[in-house]
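For reference, my_file.pdb is printed below; it contains PDB, C-alpha atoms.
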ATOM      1  CA  MET M  28     199.677 168.349 141.307  1.00  0.00           C
ATOM      2  CA  ALA M  29     196.186 166.850 141.242  1.00  0.00           C
ATOM      3  CA  THR M  30     195.156 163.691 139.500  1.00  0.00           C
ATOM      4  CA  THR M  31     192.253 163.161 137.108  1.00  0.00           C
ATOM      5  CA  ALA M  32     189.325 160.788 137.447  1.00  0.00           C
ATOM      6  CA  ILE M  33     189.737 157.192 136.337  1.00  0.00           C
ATOM      7  CA  LYS M  34     187.479 156.329 133.388  1.00  0.00           C
ATOM      8  CA  PRO M  35     186.831 153.413 131.026  1.00  0.00           C
ATOM      9  CA  VAL M  36     188.373 153.982 127.609  1.00  0.00           C
ATOM     10  CA  ARG M  37     188.227 150.842 125.508  1.00  0.00           C
ATOM     11  CA  LEU M  38     187.398 147.174 125.462  1.00  0.00           C
ATOM     12  CA  ALA M  39     189.524 144.155 124.743  1.00  0.00           C
ATOM     13  CA  SER M  40     186.581 142.709 122.790  1.00  0.00           C
ATOM     14  CA  GLU M  41     183.545 144.017 120.912  1.00  0.00           C
ATOM     15  CA  GLY M  42     180.623 145.666 122.651  1.00  0.00           C
ATOM     16  CA  PRO M  43     180.092 148.397 125.203  1.00  0.00           C
ATOM     17  CA  PRO M  44     181.526 148.291 128.723  1.00  0.00           C
ATOM     18  CA  THR M  45     179.304 146.650 131.317  1.00  0.00           C
ATOM     19  CA  VAL M  46     177.575 149.345 133.378  1.00  0.00           C
ATOM     20  CA  ARG M  47     175.210 148.704 136.298  1.00  0.00           C
ATOM     21  CA  ARG M  48     173.295 150.991 138.639  1.00  0.00           C
ATOM     22  CA  LEU M  49     173.950 149.661 142.133  1.00  0.00           C
ATOM     23  CA  GLU M  50     172.230 150.712 145.350  1.00  0.00           C
ATOM     24  CA  GLU M  51     174.430 153.217 147.143  1.00  0.00           C
ATOM     25  CA  ASP M  52     175.281 153.124 150.863  1.00  0.00           C
ATOM     26  CA  GLU M  53     174.372 156.062 153.067  1.00  0.00           C
ATOM     27  CA  THR M  54     176.727 159.061 153.494  1.00  0.00           C
ATOM     28  CA  GLU M  55     178.902 158.175 150.470  1.00  0.00           C
ATOM     29  CA  THR M  56     180.574 161.257 148.939  1.00  0.00           C
ATOM     30  CA  PHE M  57     183.105 159.674 146.553  1.00  0.00           C
ATOM     31  CA  LEU M  58     183.926 161.359 143.237  1.00  0.00           C
ATOM     32  CA  ALA M  59     183.181 160.028 139.771  1.00  0.00           C
ATOM     33  CA  GLY M  60     186.172 157.883 138.822  1.00  0.00           C
ATOM     34  CA  ALA M  61     186.626 156.351 142.273  1.00  0.00           C
ATOM     35  CA  PRO M  62     186.998 152.583 142.661  1.00  0.00           C
ATOM     36  CA  VAL M  63     183.949 151.222 144.463  1.00  0.00           C
ATOM     37  CA  MET M  64     182.971 147.996 146.219  1.00  0.00           C
ATOM     38  CA  LEU M  65     179.927 146.310 147.668  1.00  0.00           C
ATOM     39  CA  ASN M  66     180.097 146.537 151.461  1.00  0.00           C
ATOM     40  CA  ALA M  67     178.947 143.856 153.933  1.00  0.00           C
ATOM     41  CA  GLY M  68     175.337 145.058 153.571  1.00  0.00           C
ATOM     42  CA  GLY M  69     175.497 144.722 149.770  1.00  0.00           C
ATOM     43  CA  PHE M  70     175.484 148.491 149.157  1.00  0.00           C
ATOM     44  CA  LEU M  71     177.907 150.462 147.015  1.00  0.00           C
ATOM     45  CA  ALA M  72     180.701 152.250 148.883  1.00  0.00           C
ATOM     46  CA  VAL M  73     184.051 153.750 147.984  1.00  0.00           C
ATOM     47  CA  TRP M  74     186.731 151.031 147.948  1.00  0.00           C
ATOM     48  CA  ASP M  75     188.518 150.949 151.307  1.00  0.00           C
ATOM     49  CA  ALA M  76     191.976 150.437 149.702  1.00  0.00           C
ATOM     50  CA  ASN M  77     192.222 147.029 151.344  1.00  0.00           C
ATOM     51  CA  VAL M  78     193.332 144.404 148.806  1.00  0.00           C
ATOM     52  CA  ALA M  79     191.140 141.845 150.607  1.00  0.00           C
ATOM     53  CA  SER M  80     188.071 143.920 149.614  1.00  0.00           C
ATOM     54  CA  LEU M  81     186.882 143.102 146.108  1.00  0.00           C
ATOM     55  CA  ILE M  82     186.450 145.977 143.646  1.00  0.00           C
ATOM     56  CA  ALA M  83     183.116 146.226 141.831  1.00  0.00           C
ATOM     57  CA  GLY M  84     184.310 148.832 139.336  1.00  0.00           C
ATOM     58  CA  ILE M  85     184.722 152.557 138.761  1.00  0.00           C
ATOM     59  CA  ALA M  86     181.939 155.004 139.707  1.00  0.00           C
ATOM     60  CA  ASN M  87     180.483 156.901 136.751  1.00  0.00           C
ATOM     61  CA  GLU M  88     179.040 159.577 139.034  1.00  0.00           C
ATOM     62  CA  GLY M  89     179.746 160.931 142.482  1.00  0.00           C
ATOM     63  CA  GLY M  90     178.244 159.588 145.674  1.00  0.00           C
ATOM     64  CA  ALA M  91     174.916 161.241 146.553  1.00  0.00           C
ATOM     65  CA  ASN M  92     175.407 161.396 150.356  1.00  0.00           C
ATOM     66  CA  LEU M  93     172.119 159.568 150.938  1.00  0.00           C
ATOM     67  CA  THR M  94     170.430 159.638 154.332  1.00  0.00           C
ATOM     68  CA  THR M  95     169.325 155.995 154.005  1.00  0.00           C
ATOM     69  CA  GLU M  96     171.104 153.396 151.867  1.00  0.00           C
ATOM     70  CA  GLY M  97     169.496 152.665 148.502  1.00  0.00           C
ATOM     71  CA  THR M  98     166.672 155.151 149.122  1.00  0.00           C
ATOM     72  CA  PRO M  99     165.935 157.828 146.499  1.00  0.00           C
ATOM     73  CA  GLU M 100     166.209 161.420 147.667  1.00  0.00           C
ATOM     74  CA  THR M 101     165.026 164.473 145.814  1.00  0.00           C
ATOM     75  CA  LEU M 102     167.054 167.635 146.124  1.00  0.00           C
ATOM     76  CA  SER M 103     164.617 170.153 147.568  1.00  0.00           C
ATOM     77  CA  PHE M 104     164.496 173.374 149.518  1.00  0.00           C
ATOM     78  CA  GLY M 105     161.824 175.203 151.452  1.00  0.00           C
ATOM     79  CA  SER M 106     158.115 174.596 151.547  1.00  0.00           C
ATOM     80  CA  VAL M 107     155.222 175.520 149.294  1.00  0.00           C
ATOM     81  CA  PRO M 108     152.575 177.793 150.832  1.00  0.00           C
ATOM     82  CA  HIS M 109     149.226 176.081 151.493  1.00  0.00           C
ATOM     83  CA  GLN M 110     150.575 172.701 150.314  1.00  0.00           C
ATOM     84  CA  THR M 111     151.936 170.933 153.387  1.00  0.00           C
ATOM     85  CA  SER M 112     153.257 167.855 151.551  1.00  0.00           C
ATOM     86  CA  ALA M 113     154.838 169.753 148.670  1.00  0.00           C
ATOM     87  CA  VAL M 114     158.509 170.726 148.339  1.00  0.00           C
ATOM     88  CA  LYS M 115     160.389 173.040 146.028  1.00  0.00           C
ATOM     89  CA  ILE M 116     162.727 171.271 143.610  1.00  0.00           C
ATOM     90  CA  PRO M 117     165.399 173.438 141.991  1.00  0.00           C
ATOM     91  CA  ARG M 118     165.337 173.601 138.198  1.00  0.00           C
ATOM     92  CA  GLY M 119     167.963 171.208 136.820  1.00  0.00           C
ATOM     93  CA  ALA M 120     168.253 169.205 140.047  1.00  0.00           C
ATOM     94  CA  PRO M 121     169.693 165.752 139.330  1.00  0.00           C
ATOM     95  CA  ILE M 122     167.385 162.783 139.537  1.00  0.00           C
ATOM     96  CA  ASN M 123     168.332 160.492 142.379  1.00  0.00           C
ATOM     97  CA  ASP M 124     167.085 156.911 142.453  1.00  0.00           C
ATOM     98  CA  GLY M 125     169.266 155.751 145.354  1.00  0.00           C
ATOM     99  CA  ARG M 126     171.671 154.081 142.940  1.00  0.00           C
ATOM    100  CA  CYS M 127     175.002 154.963 141.350  1.00  0.00           C
ATOM    101  CA  GLY M 128     176.206 154.050 137.852  1.00  0.00           C
ATOM    102  CA  VAL M 129     179.316 151.858 137.870  1.00  0.00           C
ATOM    103  CA  THR M 130     181.467 150.592 135.002  1.00  0.00           C
ATOM    104  CA  LEU M 131     182.177 147.068 136.185  1.00  0.00           C
ATOM    105  CA  ALA M 132     185.766 145.907 136.503  1.00  0.00           C
ATOM    106  CA  THR M 133     185.478 143.108 133.979  1.00  0.00           C
ATOM    107  CA  ASN M 134     188.634 141.681 132.429  1.00  0.00           C
ATOM    108  CA  ARG M 135     187.674 143.074 129.028  1.00  0.00           C
ATOM    109  CA  THR M 136     187.381 146.722 130.162  1.00  0.00           C
ATOM    110  CA  VAL M 137     190.490 148.891 129.996  1.00  0.00           C
ATOM    111  CA  PHE M 138     190.531 151.956 132.220  1.00  0.00           C
ATOM    112  CA  LYS M 139     192.599 155.108 131.916  1.00  0.00           C
ATOM    113  CA  GLY M 140     194.158 156.807 134.920  1.00  0.00           C
ATOM    114  CA  GLN M 141     197.350 158.420 136.114  1.00  0.00           C
ATOM    115  CA  ILE M 142     200.219 157.446 138.335  1.00  0.00           C
ATOM    116  CA  ASN M 143     201.202 159.334 141.481  1.00  0.00           C
ATOM    117  CA  PRO M 144     201.770 162.991 140.546  1.00  0.00           C
ATOM    118  CA  THR M 145     204.734 163.330 142.881  1.00  0.00           C
ATOM    119  CA  GLY M 146     207.865 161.399 142.143  1.00  0.00           C
ATOM    120  CA  GLN M 147     206.645 158.678 139.791  1.00  0.00           C
ATOM    121  CA  SER M 148     206.986 158.348 136.027  1.00  0.00           C
ATOM    122  CA  LEU M 149     206.248 155.683 133.440  1.00  0.00           C
ATOM    123  CA  THR M 150     208.383 153.822 130.941  1.00  0.00           C
ATOM    124  CA  GLN M 151     207.619 151.011 128.506  1.00  0.00           C
ATOM    125  CA  ALA M 152     208.992 148.619 131.148  1.00  0.00           C
ATOM    126  CA  ASP M 153     205.873 149.347 133.257  1.00  0.00           C
ATOM    127  CA  VAL M 154     203.598 147.640 130.716  1.00  0.00           C
ATOM    128  CA  GLY M 155     202.608 144.302 132.239  1.00  0.00           C
ATOM    129  CA  ALA M 156     203.525 145.410 135.774  1.00  0.00           C
ATOM    130  CA  GLU M 157     200.995 145.173 138.593  1.00  0.00           C
ATOM    131  CA  TYR M 158     200.420 148.095 140.966  1.00  0.00           C
ATOM    132  CA  GLY M 159     197.980 149.310 143.611  1.00  0.00           C
ATOM    133  CA  LEU M 160     195.573 152.242 143.760  1.00  0.00           C
ATOM    134  CA  THR M 161     195.724 155.213 146.143  1.00  0.00           C
ATOM    135  CA  ALA M 162     193.435 158.192 146.765  1.00  0.00           C
ATOM    136  CA  ASP M 163     195.121 161.563 146.189  1.00  0.00           C
ATOM    137  CA  THR M 164     194.579 164.576 148.433  1.00  0.00           C
ATOM    138  CA  ASP M 165     191.878 165.806 146.016  1.00  0.00           C
ATOM    139  CA  ASP M 166     189.972 162.476 146.399  1.00  0.00           C
ATOM    140  CA  ASN M 167     190.788 161.327 142.864  1.00  0.00           C
ATOM    141  CA  TRP M 168     192.524 157.943 142.649  1.00  0.00           C
ATOM    142  CA  PHE M 169     195.821 157.091 140.947  1.00  0.00           C
ATOM    143  CA  VAL M 170     197.866 154.013 140.078  1.00  0.00           C
ATOM    144  CA  ASP M 171     200.553 153.785 142.748  1.00  0.00           C
ATOM    145  CA  LYS M 172     203.869 152.264 141.641  1.00  0.00           C
ATOM    146  CA  THR M 173     204.963 151.875 145.285  1.00  0.00           C
ATOM    147  CA  LYS M 174     202.222 149.277 145.838  1.00  0.00           C
ATOM    148  CA  THR M 175     203.376 146.023 144.270  1.00  0.00           C
ATOM    149  CA  GLY M 176     203.149 142.310 144.973  1.00  0.00           C
ATOM    150  CA  ALA M 177     200.388 141.565 147.506  1.00  0.00           C
ATOM    151  CA  ASP M 178     199.246 145.233 147.376  1.00  0.00           C
ATOM    152  CA  ALA M 179     198.657 145.243 143.590  1.00  0.00           C
ATOM    153  CA  VAL M 180     195.093 145.368 142.191  1.00  0.00           C
ATOM    154  CA  VAL M 181     195.653 146.578 138.588  1.00  0.00           C
ATOM    155  CA  SER M 182     197.793 145.466 135.666  1.00  0.00           C
ATOM    156  CA  VAL M 183     199.243 148.085 133.317  1.00  0.00           C
ATOM    157  CA  VAL M 184     198.349 147.389 129.670  1.00  0.00           C
ATOM    158  CA  GLY M 185     199.683 150.549 128.033  1.00  0.00           C
ATOM    159  CA  LEU M 186     200.944 154.097 128.343  1.00  0.00           C
ATOM    160  CA  ASP M 187     198.943 157.182 127.361  1.00  0.00           C
ATOM    161  CA  ARG M 188     200.977 158.752 124.579  1.00  0.00           C
ATOM    162  CA  GLU M 189     198.131 160.719 122.955  1.00  0.00           C
ATOM    163  CA  GLU M 190     197.010 163.074 125.714  1.00  0.00           C
ATOM    164  CA  ASP M 191     200.100 162.875 127.889  1.00  0.00           C
ATOM    165  CA  THR M 192     202.406 165.223 126.001  1.00  0.00           C
ATOM    166  CA  LEU M 193     204.911 165.695 128.816  1.00  0.00           C
ATOM    167  CA  ALA M 194     208.522 164.642 128.402  1.00  0.00           C
ATOM    168  CA  ALA M 195     209.026 160.881 128.688  1.00  0.00           C
ATOM    169  CA  ALA M 196     210.463 161.206 132.204  1.00  0.00           C
ATOM    170  CA  SER M 197     207.294 163.010 133.383  1.00  0.00           C
ATOM    171  CA  ARG M 198     204.557 160.926 131.748  1.00  0.00           C
ATOM    172  CA  ARG M 199     201.713 159.988 134.037  1.00  0.00           C
ATOM    173  CA  GLY M 200     198.886 158.597 131.843  1.00  0.00           C
ATOM    174  CA  VAL M 201     198.359 154.853 132.092  1.00  0.00           C
ATOM    175  CA  TYR M 202     195.913 152.259 130.736  1.00  0.00           C
ATOM    176  CA  PHE M 203     195.098 149.353 133.053  1.00  0.00           C
ATOM    177  CA  ARG M 204     192.806 146.439 133.817  1.00  0.00           C
ATOM    178  CA  PHE M 205     191.860 145.142 137.213  1.00  0.00           C
ATOM    179  CA  ILE M 206     193.536 141.905 138.290  1.00  0.00           C
ATOM    180  CA  PRO M 207     190.745 139.251 138.196  1.00  0.00           C
ATOM    181  CA  GLU M 208     191.258 137.966 141.749  1.00  0.00           C
ATOM    182  CA  HIS M 209     190.515 141.479 143.107  1.00  0.00           C
ATOM    183  CA  VAL M 210     187.233 141.903 141.196  1.00  0.00           C
ATOM    184  CA  ASP M 211     183.769 141.382 142.683  1.00  0.00           C
ATOM    185  CA  LEU M 212     181.930 139.294 140.084  1.00  0.00           C
ATOM    186  CA  LEU M 213     178.633 139.637 141.973  1.00  0.00           C
ATOM    187  CA  ALA M 214     178.319 143.376 141.276  1.00  0.00           C
TER     188      ALA M 214
END
Kindly return the structure encoded in the file as structure tokens.
Amino acid sequence: MATTAIKPVRLASEGPPTVRRLEEDETETFLAGAPVMLNAGGFLAVWDANVASLIAGIANEGGANLTTEGTPETLSFGSVPHQTSAVKIPRGAPINDGRCGVTLATNRTVFKGQINPTGQSLTQADVGAEYGLTADTDDNWFVDKTKTGADAVVSVVGLDREEDTLAAASRRGVYFRFIPEHVDLLA
């Protein structure tokens, strides 16, 4: 069973979530909802699932698979007759500025995700627990109850009882915040 994308859902205080457009690294193909980090070059990349790597936030859009980091690329095809510098741009092609929108992992932003779709369920006892994150086979990320202690990067703040209508033993929806010591405050 596949997981869904992680997304911001509410704030612990007033105001909108903090969103930034950060320069993306080359060849990044992550999905919207993936945890992202700033790599050694200062460019946005999918989080490497290493707890020593600080998390910048959750990507609001997918990686653009850039040829050169932070460099805008226009989706184009073919050439235009008698105009050697011109390119054809498909109608509706997304604008690419070499950056990706990210909801920053501030302490006041609560995100919504799911736990592992195979063999894990949630109870009220999970509220306040700290767990890790894992990429599923479909490249969406989920809260992983098997990653605890030193492997934990999120803290559960609530269970999704509105959209998750499965029986209590099968519930998967979870609200969480990132643990402050795993957050990149420079993003």
Checklist entry - For Asp178 (chain M), which residue among M:Asn77, M:Gly125, M:Gln110, M:Leu65 is the nearest when counting all atoms listed in the file? => result M:Asn77
Next on the checklist: Using only C-alpha atoms for the distances, tell me which of M:Arg199, M:Lys115, M:Arg47, M:Arg126 is nearest to Gly84 (chain M).
Outcome noted: M:Arg47
Checklist entry - For this file, the PyMOL selection byres ((chain M and resi 88) around 9) selects which residues, as number ranges by chain? => result M: 57-61, 86-87, 89-91, 127-129
Next on the checklist: If the PyMOL selection byres ((chain M and resi 124) around 12) were run on this exact file, what residues would it hold? Put them as an NGL selection string.
Outcome noted: :M and (48-51 or 90-91 or 93 or 95-102 or 121-123 or 125-128)
How big is the axis-aligned box around the listed atoms of region 126-134 of chain M once 3 Å is added on each side, and where is its centre? Give both in Å to one decimal, as JSON.
{"center_x": 180.2, "center_y": 148.3, "center_z": 137.7, "size_x": 23.0, "size_y": 19.3, "size_z": 16.5}
Item to check | Answer key for the PyMOL selection byres ((chain M and resi 204) around 10), residues as a PyMOL selection string | outcome: chain M and resi 35+38-39+132-139+157+180-185+202-203+205-207
Set the distance at 7 Å and use all atoms listed in the file: which residues neighbour Ile116 (chain M) once local chain neighbours fewer than 4 positions away are removed? I'd like the list as an mmCIF file with C-alpha atoms, in the frame of the given file.
data_model
loop_
_atom_site.group_PDB
_atom_site.id
_atom_site.type_symbol
_atom_site.label_atom_id
_atom_site.label_comp_id
_atom_site.auth_asym_id
_atom_site.auth_seq_id
_atom_site.Cartn_x
_atom_site.Cartn_y
_atom_site.Cartn_z
ATOM 1 C CA LEU M 102 167.054 167.635 146.124
ATOM 2 C CA SER M 103 164.617 170.153 147.568
ATOM 3 C CA PHE M 104 164.496 173.374 149.518
ATOM 4 C CA ALA M 120 168.253 169.205 140.047
#
Next on the checklist: As an exercise, work out the distance from CA of Trp74 (chain M) to CA of Ala156 (chain M) in Å and give it to one decimal place.
Outcome noted: 21.5 Å
Checklist entry - Taking into account all atoms listed in the file, which residue in the set M:Leu131, M:Leu71, M:Val78, M:Val201 is nearest to Gly155 (chain M)? => result M:Val201
Checklist entry - How many Å separate CA of Ala79 (chain M) from CA of Phe169 (chain M)? => result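 Atom-to-atom, CA of Ala79 (chain M) and CA of Phe169 (chain M) are spaced 18.6 Å apart.
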Checklist entry - In Å to one decimal, how far is CA of Thr31 (chain M) from CA of Asn167 (chain M)? => result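 CA of Thr31 (chain M) lies 6.2 Å from CA of Asn167 (chain M).
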Next on the checklist: I'd like to know which of M:Met64, M:Leu212, M:Ile142, M:Val46 is closest to Asp171 (chain M), using only C-alpha atoms.
Outcome noted: M:Ile142
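Using all atoms listed in the file for every distance, the candidate list M:Thr94, M:Tyr158, M:Val210, M:Asp163 yields M:Tyr158 as the residue closest to Gly176 (chain M).
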Spatial neighbours of Lys174 (chain M), max dist 8 Å, all atoms listed in the file, sep filter under 5 positions, as a CSV table (one decimal) with C-alpha atoms, in the frame of the given file:
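Result file is out.csv:
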chain,number,residue,atom,x,y,z
M,158,TYR,CA,200.4,148.1,141.0
M,159,GLY,CA,198.0,149.3,143.6
M,160,LEU,CA,195.6,152.2,143.8
M,179,ALA,CA,198.7,145.2,143.6
Item to check | Shortest interatomic distance to Ser148 (chain M) - which of M:Val107, M:Ala67, M:Val114, M:Leu186, counting only C-alpha atoms | outcome: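 Distance minimum relative to Ser148 (chain M) lands on M:Leu186.
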Got a minute to add N, CA and C atoms to region 57-93 of chain M and dump it as a PDB file, in the coordinates of the input?
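Wrote selection00.pdb, looks like this:
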ATOM      1  N   PHE M  57     182.000 159.903 147.486  1.00  0.00           N
ATOM      2  CA  PHE M  57     183.105 159.674 146.553  1.00  0.00           C
ATOM      3  C   PHE M  57     182.891 160.447 145.260  1.00  0.00           C
ATOM      4  N   LEU M  58     183.974 160.671 144.519  1.00  0.00           N
ATOM      5  CA  LEU M  58     183.926 161.359 143.237  1.00  0.00           C
ATOM      6  C   LEU M  58     183.723 160.363 142.101  1.00  0.00           C
ATOM      7  N   ALA M  59     183.215 160.859 140.973  1.00  0.00           N
ATOM      8  CA  ALA M  59     183.181 160.028 139.771  1.00  0.00           C
ATOM      9  C   ALA M  59     184.615 159.626 139.458  1.00  0.00           C
ATOM     10  N   GLY M  60     184.830 158.381 139.101  1.00  0.00           N
ATOM     11  CA  GLY M  60     186.172 157.883 138.822  1.00  0.00           C
ATOM     12  C   GLY M  60     186.799 157.148 139.989  1.00  0.00           C
ATOM     13  N   ALA M  61     186.099 157.062 141.102  1.00  0.00           N
ATOM     14  CA  ALA M  61     186.626 156.351 142.273  1.00  0.00           C
ATOM     15  C   ALA M  61     186.353 154.855 142.152  1.00  0.00           C
ATOM     16  N   PRO M  62     187.292 154.014 142.602  1.00  0.00           N
ATOM     17  CA  PRO M  62     186.998 152.583 142.661  1.00  0.00           C
ATOM     18  C   PRO M  62     185.980 152.338 143.777  1.00  0.00           C
ATOM     19  N   VAL M  63     185.010 151.483 143.497  1.00  0.00           N
ATOM     20  CA  VAL M  63     183.949 151.222 144.463  1.00  0.00           C
ATOM     21  C   VAL M  63     183.810 149.719 144.705  1.00  0.00           C
ATOM     22  N   MET M  64     183.161 149.393 145.821  1.00  0.00           N
ATOM     23  CA  MET M  64     182.971 147.996 146.219  1.00  0.00           C
ATOM     24  C   MET M  64     181.569 147.844 146.795  1.00  0.00           C
ATOM     25  N   LEU M  65     181.151 146.599 146.942  1.00  0.00           N
ATOM     26  CA  LEU M  65     179.927 146.310 147.668  1.00  0.00           C
ATOM     27  C   LEU M  65     180.322 146.011 149.104  1.00  0.00           C
ATOM     28  N   ASN M  66     179.739 146.747 150.060  1.00  0.00           N
ATOM     29  CA  ASN M  66     180.097 146.537 151.461  1.00  0.00           C
ATOM     30  C   ASN M  66     179.376 145.309 152.018  1.00  0.00           C
ATOM     31  N   ALA M  67     179.529 145.047 153.313  1.00  0.00           N
ATOM     32  CA  ALA M  67     178.947 143.856 153.933  1.00  0.00           C
ATOM     33  C   ALA M  67     177.434 143.826 153.803  1.00  0.00           C
ATOM     34  N   GLY M  68     176.786 145.000 153.723  1.00  0.00           N
ATOM     35  CA  GLY M  68     175.337 145.058 153.571  1.00  0.00           C
ATOM     36  C   GLY M  68     174.883 144.929 152.130  1.00  0.00           C
ATOM     37  N   GLY M  69     175.832 144.848 151.180  1.00  0.00           N
ATOM     38  CA  GLY M  69     175.497 144.722 149.770  1.00  0.00           C
ATOM     39  C   GLY M  69     175.271 146.050 149.073  1.00  0.00           C
ATOM     40  N   PHE M  70     175.656 147.165 149.735  1.00  0.00           N
ATOM     41  CA  PHE M  70     175.484 148.491 149.157  1.00  0.00           C
ATOM     42  C   PHE M  70     176.817 149.018 148.640  1.00  0.00           C
ATOM     43  N   LEU M  71     176.727 149.888 147.651  1.00  0.00           N
ATOM     44  CA  LEU M  71     177.907 150.462 147.015  1.00  0.00           C
ATOM     45  C   LEU M  71     178.584 151.474 147.933  1.00  0.00           C
ATOM     46  N   ALA M  72     179.897 151.340 148.070  1.00  0.00           N
ATOM     47  CA  ALA M  72     180.701 152.250 148.883  1.00  0.00           C
ATOM     48  C   ALA M  72     182.037 152.457 148.192  1.00  0.00           C
ATOM     49  N   VAL M  73     182.723 153.533 148.529  1.00  0.00           N
ATOM     50  CA  VAL M  73     184.051 153.750 147.984  1.00  0.00           C
ATOM     51  C   VAL M  73     184.938 152.599 148.461  1.00  0.00           C
ATOM     52  N   TRP M  74     185.828 152.129 147.599  1.00  0.00           N
ATOM     53  CA  TRP M  74     186.731 151.031 147.948  1.00  0.00           C
ATOM     54  C   TRP M  74     187.598 151.471 149.120  1.00  0.00           C
ATOM     55  N   ASP M  75     187.785 150.595 150.085  1.00  0.00           N
ATOM     56  CA  ASP M  75     188.518 150.949 151.307  1.00  0.00           C
ATOM     57  C   ASP M  75     190.034 150.792 151.180  1.00  0.00           C
ATOM     58  N   ALA M  76     190.541 150.580 149.978  1.00  0.00           N
ATOM     59  CA  ALA M  76     191.976 150.437 149.702  1.00  0.00           C
ATOM     60  C   ALA M  76     192.596 149.224 150.390  1.00  0.00           C
ATOM     61  N   ASN M  77     191.771 148.278 150.760  1.00  0.00           N
ATOM     62  CA  ASN M  77     192.222 147.029 151.344  1.00  0.00           C
ATOM     63  C   ASN M  77     192.171 145.973 150.241  1.00  0.00           C
ATOM     64  N   VAL M  78     193.306 145.358 149.917  1.00  0.00           N
ATOM     65  CA  VAL M  78     193.332 144.404 148.806  1.00  0.00           C
ATOM     66  C   VAL M  78     192.437 143.190 149.053  1.00  0.00           C
ATOM     67  N   ALA M  79     192.054 142.951 150.307  1.00  0.00           N
ATOM     68  CA  ALA M  79     191.140 141.845 150.607  1.00  0.00           C
ATOM     69  C   ALA M  79     189.706 142.194 150.205  1.00  0.00           C
ATOM     70  N   SER M  80     189.406 143.484 150.039  1.00  0.00           N
ATOM     71  CA  SER M  80     188.071 143.920 149.614  1.00  0.00           C
ATOM     72  C   SER M  80     188.001 143.908 148.097  1.00  0.00           C
ATOM     73  N   LEU M  81     187.016 143.223 147.553  1.00  0.00           N
ATOM     74  CA  LEU M  81     186.882 143.102 146.108  1.00  0.00           C
ATOM     75  C   LEU M  81     186.331 144.391 145.496  1.00  0.00           C
ATOM     76  N   ILE M  82     186.844 144.751 144.339  1.00  0.00           N
ATOM     77  CA  ILE M  82     186.450 145.977 143.646  1.00  0.00           C
ATOM     78  C   ILE M  82     185.329 145.656 142.663  1.00  0.00           C
ATOM     79  N   ALA M  83     184.234 146.416 142.755  1.00  0.00           N
ATOM     80  CA  ALA M  83     183.116 146.226 141.831  1.00  0.00           C
ATOM     81  C   ALA M  83     183.391 146.918 140.501  1.00  0.00           C
ATOM     82  N   GLY M  84     184.021 148.091 140.550  1.00  0.00           N
ATOM     83  CA  GLY M  84     184.310 148.832 139.336  1.00  0.00           C
ATOM     84  C   GLY M  84     184.652 150.276 139.644  1.00  0.00           C
ATOM     85  N   ILE M  85     184.430 151.133 138.644  1.00  0.00           N
ATOM     86  CA  ILE M  85     184.722 152.557 138.761  1.00  0.00           C
ATOM     87  C   ILE M  85     183.392 153.319 138.683  1.00  0.00           C
ATOM     88  N   ALA M  86     183.176 154.224 139.652  1.00  0.00           N
ATOM     89  CA  ALA M  86     181.939 155.004 139.707  1.00  0.00           C
ATOM     90  C   ALA M  86     181.862 155.956 138.520  1.00  0.00           C
ATOM     91  N   ASN M  87     180.711 155.994 137.869  1.00  0.00           N
ATOM     92  CA  ASN M  87     180.483 156.901 136.751  1.00  0.00           C
ATOM     93  C   ASN M  87     179.963 158.258 137.210  1.00  0.00           C
ATOM     94  N   GLU M  88     179.549 158.339 138.461  1.00  0.00           N
ATOM     95  CA  GLU M  88     179.040 159.577 139.034  1.00  0.00           C
ATOM     96  C   GLU M  88     179.439 159.623 140.501  1.00  0.00           C
ATOM     97  N   GLY M  89     179.364 160.789 141.081  1.00  0.00           N
ATOM     98  CA  GLY M  89     179.746 160.931 142.482  1.00  0.00           C
ATOM     99  C   GLY M  89     178.708 160.362 143.428  1.00  0.00           C
ATOM    100  N   GLY M  90     179.156 160.062 144.640  1.00  0.00           N
ATOM    101  CA  GLY M  90     178.244 159.588 145.674  1.00  0.00           C
ATOM    102  C   GLY M  90     177.241 160.676 146.029  1.00  0.00           C
ATOM    103  N   ALA M  91     176.003 160.286 146.344  1.00  0.00           N
ATOM    104  CA  ALA M  91     174.916 161.241 146.553  1.00  0.00           C
ATOM    105  C   ALA M  91     174.714 161.619 148.018  1.00  0.00           C
ATOM    106  N   ASN M  92     175.526 161.079 148.932  1.00  0.00           N
ATOM    107  CA  ASN M  92     175.407 161.396 150.356  1.00  0.00           C
ATOM    108  C   ASN M  92     173.982 161.138 150.845  1.00  0.00           C
ATOM    109  N   LEU M  93     173.485 159.937 150.564  1.00  0.00           N
ATOM    110  CA  LEU M  93     172.119 159.568 150.938  1.00  0.00           C
ATOM    111  C   LEU M  93     171.954 159.504 152.451  1.00  0.00           C
TER     112      LEU M  93
END
